[in-house]
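Asks: This one is model_3.csv, CSV, C-alpha atoms.
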```csv
chain,number,residue,atom,x,y,z
A,1,MET,CA,-28.8,5.4,-25.2
A,2,SER,CA,-27.9,5.3,-28.8
A,3,TYR,CA,-24.4,6.0,-30.2
A,4,SER,CA,-23.5,7.7,-33.4
A,5,GLU,CA,-22.0,5.7,-36.3
A,6,LYS,CA,-18.8,7.7,-36.2
A,7,LEU,CA,-18.4,6.8,-32.5
A,8,ILE,CA,-19.0,3.1,-33.1
A,9,GLU,CA,-16.7,3.1,-36.0
A,10,HIS,CA,-13.8,4.6,-33.9
A,11,TYR,CA,-14.6,2.2,-31.1
A,12,GLU,CA,-14.6,-0.9,-33.3
A,13,ASN,CA,-11.6,0.2,-35.4
A,14,PRO,CA,-9.6,2.4,-33.2
A,15,ARG,CA,-6.8,4.3,-35.0
A,16,ASN,CA,-3.2,4.6,-33.8
A,17,VAL,CA,-3.4,2.2,-30.9
A,18,GLY,CA,0.0,1.6,-29.4
A,19,ALA,CA,3.0,3.3,-27.8
A,20,LEU,CA,5.9,5.4,-28.8
A,21,ASP,CA,9.2,5.4,-27.0
A,22,LYS,CA,8.6,7.8,-24.1
A,23,SER,CA,12.3,8.4,-23.5
A,24,ASP,CA,12.7,9.7,-27.1
A,25,THR,CA,13.2,13.5,-26.9
A,26,SER,CA,10.9,13.9,-30.0
A,27,VAL,CA,8.1,12.2,-28.1
A,28,GLY,CA,5.7,13.8,-25.7
A,29,THR,CA,3.6,11.6,-23.4
A,30,GLY,CA,0.3,12.6,-21.8
A,31,LEU,CA,-1.2,10.4,-19.1
A,32,VAL,CA,-4.5,11.4,-17.7
A,33,GLY,CA,-7.4,9.8,-15.8
A,34,ALA,CA,-11.0,10.4,-14.9
A,35,PRO,CA,-11.4,9.3,-11.3
A,36,ALA,CA,-15.2,9.4,-11.5
A,37,CYS,CA,-15.2,6.5,-13.9
A,38,GLY,CA,-11.8,5.0,-13.3
A,39,ASP,CA,-10.7,5.6,-16.9
A,40,VAL,CA,-7.0,6.0,-17.8
A,41,MET,CA,-5.8,7.4,-21.1
A,42,LYS,CA,-2.2,7.7,-22.5
A,43,LEU,CA,-1.7,9.8,-25.6
A,44,GLN,CA,1.7,10.2,-27.2
A,45,ILE,CA,2.9,12.5,-30.0
A,46,LYS,CA,6.1,12.4,-32.1
A,47,VAL,CA,7.2,15.8,-33.3
A,48,GLY,CA,9.2,16.0,-36.6
A,49,ALA,CA,12.0,18.3,-37.5
A,50,ASP,CA,9.6,20.7,-39.1
A,51,GLY,CA,7.7,21.1,-35.8
A,52,ARG,CA,4.7,19.2,-37.0
A,53,ILE,CA,3.3,16.1,-35.2
A,54,GLU,CA,4.2,13.3,-37.5
A,55,ASP,CA,2.9,10.4,-35.4
A,56,ALA,CA,0.5,9.9,-32.5
A,57,LYS,CA,-0.4,6.8,-30.5
A,58,PHE,CA,-2.8,6.1,-27.7
A,59,LYS,CA,-3.8,3.5,-25.2
A,60,THR,CA,-7.0,3.9,-23.3
A,61,PHE,CA,-8.6,1.7,-20.7
A,62,GLY,CA,-12.2,2.9,-20.3
A,63,CYS,CA,-15.5,3.0,-22.0
A,64,GLY,CA,-16.3,3.1,-25.7
A,65,SER,CA,-16.6,6.9,-25.7
A,66,ALA,CA,-13.2,7.3,-24.1
A,67,ILE,CA,-11.6,5.0,-26.7
A,68,ALA,CA,-13.4,6.7,-29.6
A,69,SER,CA,-12.4,10.2,-28.3
A,70,SER,CA,-8.7,9.3,-27.9
A,71,SER,CA,-8.7,7.6,-31.3
A,72,LEU,CA,-10.1,10.7,-32.9
A,73,ALA,CA,-7.7,12.9,-31.0
A,74,THR,CA,-4.7,11.0,-32.4
A,75,GLU,CA,-6.1,11.4,-36.0
A,76,TRP,CA,-6.6,15.1,-35.6
A,77,VAL,CA,-3.3,16.0,-34.1
A,78,LYS,CA,-1.3,14.4,-36.9
A,79,GLY,CA,0.2,16.9,-39.3
A,80,LYS,CA,-0.5,19.8,-36.9
A,81,THR,CA,2.0,22.1,-35.2
A,82,LEU,CA,1.9,22.0,-31.3
A,83,ASP,CA,0.1,25.4,-31.3
A,84,GLU,CA,-2.5,24.1,-33.8
A,85,ALA,CA,-3.0,20.8,-31.8
A,86,GLU,CA,-3.5,22.9,-28.7
A,87,GLN,CA,-6.6,24.5,-30.3
A,88,ILE,CA,-8.4,21.1,-30.4
A,89,LYS,CA,-11.3,21.5,-27.9
A,90,ASN,CA,-13.3,18.8,-26.3
A,91,THR,CA,-16.5,20.3,-27.8
A,92,MET,CA,-15.1,19.6,-31.3
A,93,ILE,CA,-14.5,16.0,-30.4
A,94,ALA,CA,-17.9,15.6,-28.6
A,95,GLN,CA,-19.7,17.2,-31.6
A,96,HIS,CA,-17.9,15.1,-34.2
A,97,LEU,CA,-18.7,11.8,-32.3
A,98,SER,CA,-22.1,13.1,-31.2
A,99,LEU,CA,-21.3,12.1,-27.6
A,100,PRO,CA,-24.3,11.9,-25.3
A,101,PRO,CA,-24.3,14.4,-22.5
A,102,VAL,CA,-23.2,11.8,-19.9
A,103,LYS,CA,-20.1,11.0,-22.0
A,104,ILE,CA,-18.9,14.6,-22.5
A,105,HIS,CA,-16.2,14.1,-19.9
A,106,CYS,CA,-14.6,11.5,-22.2
A,107,SER,CA,-13.9,14.2,-24.7
A,108,VAL,CA,-12.6,16.4,-22.0
A,109,LEU,CA,-10.2,13.6,-21.1
A,110,ALA,CA,-9.0,13.4,-24.7
A,111,GLU,CA,-8.4,17.2,-24.8
A,112,ASP,CA,-6.5,17.0,-21.6
A,113,ALA,CA,-4.4,14.1,-22.9
A,114,ILE,CA,-3.4,16.1,-25.9
A,115,LYS,CA,-2.5,19.1,-23.7
A,116,ALA,CA,-0.5,16.9,-21.3
A,117,ALA,CA,1.4,15.3,-24.2
A,118,ILE,CA,2.3,18.7,-25.6
A,119,ARG,CA,3.3,19.9,-22.2
A,120,ASP,CA,5.5,16.9,-21.7
A,121,TYR,CA,7.2,17.5,-25.1
A,122,ARG,CA,7.7,21.2,-24.3
A,123,GLU,CA,9.1,20.4,-20.9
A,124,LYS,CA,11.6,18.0,-22.5
A,125,HIS,CA,12.8,20.8,-24.7
A,126,GLY,CA,12.4,23.9,-22.5
A,127,GLU,CA,13.4,22.6,-19.1
A,128,LYS,CA,15.9,20.2,-20.5
A,129,PRO,CA,18.1,19.3,-17.5
A,130,ALA,CA,15.4,18.3,-15.0
A,131,GLU,CA,13.2,16.4,-17.4
A,132,GLN,CA,15.9,14.5,-19.2
A,133,ALA,CA,17.6,13.5,-16.0
A,134,ALA,CA,14.3,12.1,-14.8
A,135,GLU,CA,14.0,9.9,-17.8
B,136,MET,CA,-21.7,20.7,36.2
B,137,PRO,CA,-24.2,18.1,34.8
B,138,THR,CA,-26.5,20.8,33.4
B,139,GLN,CA,-23.7,22.2,31.3
B,140,ALA,CA,-22.8,18.8,30.0
B,141,ASP,CA,-26.4,18.2,29.2
B,142,ASP,CA,-26.7,21.5,27.4
B,143,THR,CA,-23.6,20.7,25.3
B,144,ARG,CA,-24.9,17.3,24.4
B,145,ALA,CA,-28.3,18.7,23.6
B,146,ALA,CA,-26.8,21.4,21.4
B,147,ARG,CA,-24.6,18.9,19.6
B,148,ALA,CA,-27.4,16.4,19.0
B,149,GLY,CA,-29.8,19.2,18.1
B,150,PHE,CA,-33.4,19.4,19.0
B,151,VAL,CA,-36.3,20.2,16.9
B,152,SER,CA,-40.0,20.8,17.7
B,153,CYS,CA,-42.4,17.9,17.3
B,154,TRP,CA,-44.9,18.8,14.6
B,155,SER,CA,-47.7,17.2,16.6
B,156,CYS,CA,-47.2,18.1,20.2
B,157,LYS,CA,-44.7,20.9,19.7
B,158,GLY,CA,-42.4,19.4,22.4
B,159,PRO,CA,-38.7,19.1,21.9
B,160,VAL,CA,-37.4,16.0,20.0
B,161,ALA,CA,-33.9,14.9,19.4
B,162,ALA,CA,-32.9,15.6,15.7
B,163,GLN,CA,-32.2,11.9,15.0
B,164,ALA,CA,-35.3,10.6,16.8
B,165,LEU,CA,-37.8,8.7,14.6
B,166,PHE,CA,-40.6,9.3,17.1
B,167,CYS,CA,-41.5,12.0,19.6
B,168,HIS,CA,-40.7,10.8,23.1
B,169,THR,CA,-43.6,12.8,24.4
B,170,CYS,CA,-46.5,12.1,22.1
B,171,GLY,CA,-45.0,9.2,20.1
B,172,ALA,CA,-45.7,10.7,16.7
B,173,ILE,CA,-43.4,9.8,13.8
B,174,GLN,CA,-41.1,12.6,12.9
B,175,PRO,CA,-40.0,13.8,9.4
B,176,PRO,CA,-36.3,13.3,8.7
B,177,THR,CA,-34.1,16.3,9.8
B,178,GLN,CA,-30.9,17.6,8.3
B,179,LEU,CA,-28.5,15.1,9.7
B,180,ASP,CA,-25.3,13.7,8.2
B,181,HIS,CA,-25.5,10.0,7.3
B,182,PHE,CA,-23.3,9.0,10.3
B,183,ARG,CA,-25.5,10.8,12.9
B,184,ARG,CA,-28.6,9.5,11.3
B,185,LEU,CA,-27.5,6.0,12.4
B,186,GLY,CA,-26.3,7.3,15.7
B,187,LEU,CA,-22.6,7.1,14.8
B,188,GLU,CA,-19.8,9.6,15.0
B,189,PRO,CA,-18.4,10.7,11.6
B,190,ALA,CA,-15.2,8.7,11.1
B,191,PHE,CA,-13.8,6.4,8.5
B,192,ASP,CA,-13.7,3.5,10.9
B,193,VAL,CA,-17.2,2.6,11.6
B,194,ASP,CA,-18.6,-0.5,13.1
B,195,LEU,CA,-20.6,-1.8,10.3
B,196,ASP,CA,-22.4,-4.4,12.4
B,197,VAL,CA,-23.6,-1.7,14.7
B,198,ALA,CA,-24.6,0.4,11.7
B,199,GLU,CA,-26.5,-2.5,10.2
B,200,LYS,CA,-28.3,-3.4,13.4
B,201,ARG,CA,-29.5,0.2,13.9
B,202,TYR,CA,-30.5,0.5,10.3
B,203,LEU,CA,-32.5,-2.6,10.4
B,204,GLY,CA,-34.0,-1.7,13.7
B,205,PHE,CA,-35.1,1.7,12.5
B,206,GLN,CA,-36.5,0.3,9.3
B,207,ARG,CA,-38.6,-2.2,11.3
B,208,ALA,CA,-39.9,0.6,13.4
B,209,ILE,CA,-41.1,2.6,10.4
B,210,HIS,CA,-42.1,-0.3,8.2
B,211,PRO,CA,-45.1,0.7,6.0
B,212,ASP,CA,-47.2,-2.1,7.5
B,213,ARG,CA,-47.2,-0.2,10.8
B,214,PHE,CA,-48.5,2.9,9.1
B,215,ALA,CA,-51.1,1.4,6.9
B,216,SER,CA,-54.0,2.8,8.9
B,217,LYS,CA,-52.2,6.2,9.8
B,218,PRO,CA,-53.0,9.5,8.2
B,219,ALA,CA,-51.3,10.3,4.9
B,220,LYS,CA,-49.0,12.9,6.6
B,221,GLU,CA,-47.6,10.3,9.0
B,222,ARG,CA,-47.3,7.7,6.2
B,223,ALA,CA,-45.3,10.3,4.2
B,224,PHE,CA,-43.0,11.0,7.1
B,225,ALA,CA,-42.3,7.3,7.6
B,226,GLU,CA,-41.5,6.9,3.9
B,227,ALA,CA,-39.2,9.9,4.0
B,228,GLN,CA,-37.4,8.4,7.0
B,229,ALA,CA,-37.0,5.1,5.2
B,230,VAL,CA,-35.4,6.9,2.2
B,231,ALA,CA,-33.1,8.9,4.4
B,232,LEU,CA,-32.0,5.8,6.3
B,233,ASN,CA,-31.4,3.9,3.1
B,234,GLN,CA,-29.2,6.7,1.8
B,235,ALA,CA,-27.3,6.8,5.0
B,236,TYR,CA,-26.7,3.1,5.3
B,237,GLU,CA,-25.9,2.6,1.6
B,238,THR,CA,-23.3,5.4,1.8
B,239,LEU,CA,-21.7,4.2,5.0
B,240,LYS,CA,-21.5,0.5,4.2
B,241,ASP,CA,-19.4,1.0,1.1
B,242,PRO,CA,-15.8,2.2,2.1
B,243,LEU,CA,-15.3,4.2,-1.1
B,244,ARG,CA,-18.6,6.0,-0.8
B,245,ARG,CA,-18.0,6.5,2.9
B,246,ALA,CA,-14.6,8.0,2.2
B,247,ALA,CA,-16.0,10.4,-0.4
B,248,TYR,CA,-18.8,11.4,1.9
B,249,LEU,CA,-16.4,12.0,4.8
B,250,LEU,CA,-14.3,14.2,2.6
B,251,LYS,CA,-17.4,16.1,1.7
B,252,LEU,CA,-18.3,16.6,5.3
B,253,ASN,CA,-14.8,18.0,5.7
B,254,GLY,CA,-15.5,20.5,2.9
B,255,ILE,CA,-13.6,18.6,0.1
B,256,GLU,CA,-15.4,17.3,-3.0
B,257,ALA,CA,-13.6,14.0,-3.6
B,258,SER,CA,-12.0,13.5,-7.0
B,259,VAL,CA,-14.0,10.3,-7.5
B,260,SER,CA,-17.2,12.4,-7.1
B,261,ARG,CA,-16.1,15.0,-9.6
B,262,ASP,CA,-16.0,15.3,-13.4
B,263,GLU,CA,-12.3,16.2,-13.4
B,264,THR,CA,-9.1,15.0,-15.0
B,265,VAL,CA,-6.3,13.9,-12.8
B,266,ARG,CA,-2.6,14.0,-13.8
B,267,ASP,CA,-1.1,11.9,-11.1
B,268,PRO,CA,1.6,10.0,-13.1
B,269,GLU,CA,2.3,7.5,-10.3
B,270,LEU,CA,-1.3,6.6,-9.7
B,271,LEU,CA,-2.1,6.5,-13.4
B,272,MET,CA,0.9,4.4,-14.3
B,273,GLU,CA,-0.1,1.9,-11.7
B,274,ALA,CA,-3.6,1.7,-13.3
B,275,MET,CA,-2.2,1.5,-16.8
B,276,GLU,CA,0.5,-1.1,-16.0
B,277,ALA,CA,-2.0,-3.3,-14.1
B,278,ARG,CA,-4.3,-3.4,-17.1
B,279,GLU,CA,-1.5,-4.1,-19.5
B,280,ALA,CA,-0.5,-7.0,-17.3
B,281,LEU,CA,-4.0,-8.3,-17.4
B,282,MET,CA,-4.2,-8.0,-21.2
B,283,GLU,CA,-1.0,-10.1,-21.4
B,284,ALA,CA,-2.2,-12.7,-18.9
B,285,THR,CA,-3.6,-15.5,-21.1
B,286,SER,CA,-3.9,-18.3,-18.6
B,287,LEU,CA,-6.4,-18.6,-15.8
B,288,GLU,CA,-3.6,-19.1,-13.3
B,289,LYS,CA,-2.0,-15.8,-14.2
B,290,VAL,CA,-5.3,-13.9,-14.1
B,291,GLU,CA,-6.1,-15.4,-10.7
B,292,LYS,CA,-2.7,-14.3,-9.4
B,293,LEU,CA,-3.4,-10.7,-10.6
B,294,GLN,CA,-6.8,-10.8,-9.1
B,295,ALA,CA,-5.5,-12.0,-5.7
B,296,LYS,CA,-2.8,-9.2,-5.8
B,297,ALA,CA,-5.4,-6.6,-6.6
B,298,GLY,CA,-7.7,-7.8,-3.8
B,299,ALA,CA,-4.8,-7.6,-1.3
B,300,ASP,CA,-4.0,-4.1,-2.6
B,301,ALA,CA,-7.6,-3.0,-2.1
B,302,ILE,CA,-7.5,-4.2,1.5
B,303,ALA,CA,-4.2,-2.4,2.1
B,304,ILE,CA,-5.8,0.8,0.8
B,305,LEU,CA,-8.6,0.6,3.3
B,306,ALA,CA,-6.0,0.5,6.1
B,307,ASP,CA,-4.2,3.5,4.6
B,308,LEU,CA,-7.5,5.4,4.3
B,309,SER,CA,-8.2,4.7,7.9
B,310,LYS,CA,-4.8,6.1,8.9
B,311,ALA,CA,-5.2,9.1,6.6
B,312,PHE,CA,-8.6,10.1,8.1
B,313,ALA,CA,-7.3,9.4,11.6
B,314,SER,CA,-4.4,11.8,11.1
B,315,ASP,CA,-6.7,14.3,9.2
B,316,ASP,CA,-4.6,14.0,6.1
B,317,LEU,CA,-7.5,14.7,3.7
B,318,LYS,CA,-5.3,15.2,0.7
B,319,ALA,CA,-3.9,11.7,1.1
B,320,ALA,CA,-7.4,10.4,1.8
B,321,ASN,CA,-8.7,11.9,-1.5
B,322,ARG,CA,-5.8,10.3,-3.4
B,323,LEU,CA,-6.4,6.9,-1.8
B,324,ALA,CA,-10.1,7.1,-2.6
B,325,THR,CA,-9.1,7.6,-6.3
B,326,ARG,CA,-6.7,4.7,-6.1
B,327,LEU,CA,-9.4,2.5,-4.6
B,328,LYS,CA,-11.8,3.5,-7.4
B,329,TYR,CA,-9.2,2.5,-10.1
B,330,LEU,CA,-8.4,-0.7,-8.3
B,331,ARG,CA,-12.0,-1.7,-8.0
B,332,LYS,CA,-12.6,-1.1,-11.7
B,333,TYR,CA,-9.5,-3.2,-12.4
B,334,LEU,CA,-10.8,-5.9,-10.1
B,335,ASP,CA,-14.1,-6.0,-12.1
B,336,GLU,CA,-12.0,-6.4,-15.2
B,337,THR,CA,-10.0,-9.3,-13.7
B,338,ARG,CA,-13.2,-10.9,-12.8
B,339,ALA,CA,-14.6,-10.5,-16.3
B,340,ARG,CA,-11.4,-11.8,-17.7
B,341,ARG,CA,-11.4,-14.8,-15.4
B,342,ILE,CA,-15.0,-15.7,-16.4
B,343,ALA,CA,-14.1,-15.5,-20.1
B,344,LEU,CA,-11.1,-17.7,-19.6
B,345,GLU,CA,-13.1,-20.2,-17.5
B,346,GLN,CA,-15.7,-20.4,-20.2
B,347,ALA,CA,-13.1,-20.8,-22.9
B,348,GLU,CA,-11.5,-23.6,-21.0
B,349,GLY,CA,-14.9,-25.2,-20.4
B,350,THR,CA,-15.8,-25.3,-24.0
B,351,ALA,CA,-12.3,-26.3,-25.2
```
Re-express the file's structure as structure tokens.

Replies:
Amino acid sequence: MSYSEKLIEHYENPRNVGALDKSDTSVGTGLVGAPACGDVMKLQIKVGADGRIEDAKFKTFGCGSAIASSSLATEWVKGKTLDEAEQIKNTMIAQHLSLPPVKIHCSVLAEDAIKAAIRDYREKHGEKPAEQAAE
Amino acid sequence: MPTQADDTRAARAGFVSCWSCKGPVAAQALFCHTCGAIQPPTQLDHFRRLGLEPAFDVDLDVAEKRYLGFQRAIHPDRFASKPAKERAFAEAQAVALNQAYETLKDPLRRAAYLLKLNGIEASVSRDETVRDPELLMEAMEAREALMEATSLEKVEKLQAKAGADAIAILADLSKAFASDDLKAANRLATRLKYLRKYLDETRARRIALEQAEGTA
């Protein structure tokens, strides 16, 4: 199996690795996993006052394709509104990285991580009492 | 009434017709008890193929003995001079027995298979994303701890802890299946999968540290 240059580049130099303060109300955290391969992916977004995602970080324990997919996802969400970020589809990630068919689920995981982070952020703001009490 | 009990047993075990003498043969029989002809594998679950009741707690010694005994009985050497049809049946039986034994002897595969028999496709057998914060945090934190462990001693401690956790999960899986709590069993299977992968990582880390210390 051969991997694309873009994929290898993201894998060797992953962007935005790290963590944001998950108790910060401007931060949304998405934690997702793929039980079939035992991968776990955390993707966080920090939303600015203008409603745009000003920062994103990720931490992924998994294969190279999962790392590259989440790295790319953090790059793509930056500067977008939540609604725009929600439009990112796994197929776009898979296409950009030329993921082989057996690794498509890695891009699905990245898409799901973005969605989970957005949902967490929205819950923090929409359903304030319950979510903030939980922090 | 003995006849009724026999009928029930026969129905449960299932009988098929021998391809050679047309007489009745038990579904899990390798050979016709009337004419002695090798039988093709029938649609049996992996447990019954090895003469076991479907359950998470299986006696692996018994399973292994049966598996090896059956494999001896259908060994290709015994069929070298038989017609092609019978050789093909023996080969198909060998494949079916391998599948059964390989599935049952591994607790994770056994759990996933047992869930399937109960109509549930286990999360570990599916291309799906889980959002189980507790389970995923556990997996994430374990890996972070491993990344921070720079000494062999610390890695060994983490490895020992993960090994003990895996054994505890097996006991929990057994309880979950015994009480028919399939949802819990599915989640435990996922935890076991994550834990195993983590164990592989601790092993790799340990080897890397051992090599580094050896060359230092």

Asks: Dump as a PyMOL selection string the residues of chain B that approach chain A to within 10 Å, counting all atoms listed in the file.

Replies: chain B and resi 257-272+274-275+278-279+322+324-333

Asks: Around (-13.2, 9.0, 12.0), as given in the file, which residues come within 9 Å? Count all atoms listed in the file and list them as number ranges by chain.

Replies: B: 188-193, 249, 309, 312-313, 315

Asks: List every protein, DNA or RNA residue with an atom no more than 8 Å from (-9.7, -12.6, -10.4) in the file's coordinates, counting all atoms listed in the file, and format the result as a ChimeraX atom specification.

Replies: /B:290-295,334,337-341

Asks: As a list in words, please: the residues near Val160 (chain B) (cut-off 9 Å, only C-alpha atoms, same-chain neighbours under 2 positions excluded).

Replies: Gly149, Phe150, Val151, Ser152, Cys153, Lys157, Gly158, Ala162, Gln163, Ala164, Phe166, Cys167, His168, Thr169 and Gln174 of chain B

Asks: Report, in Å with one decimal, the straight-line distance from CA of Asp335 (chain B) to CA of Lys296 (chain B).

Replies: 13.3 Å
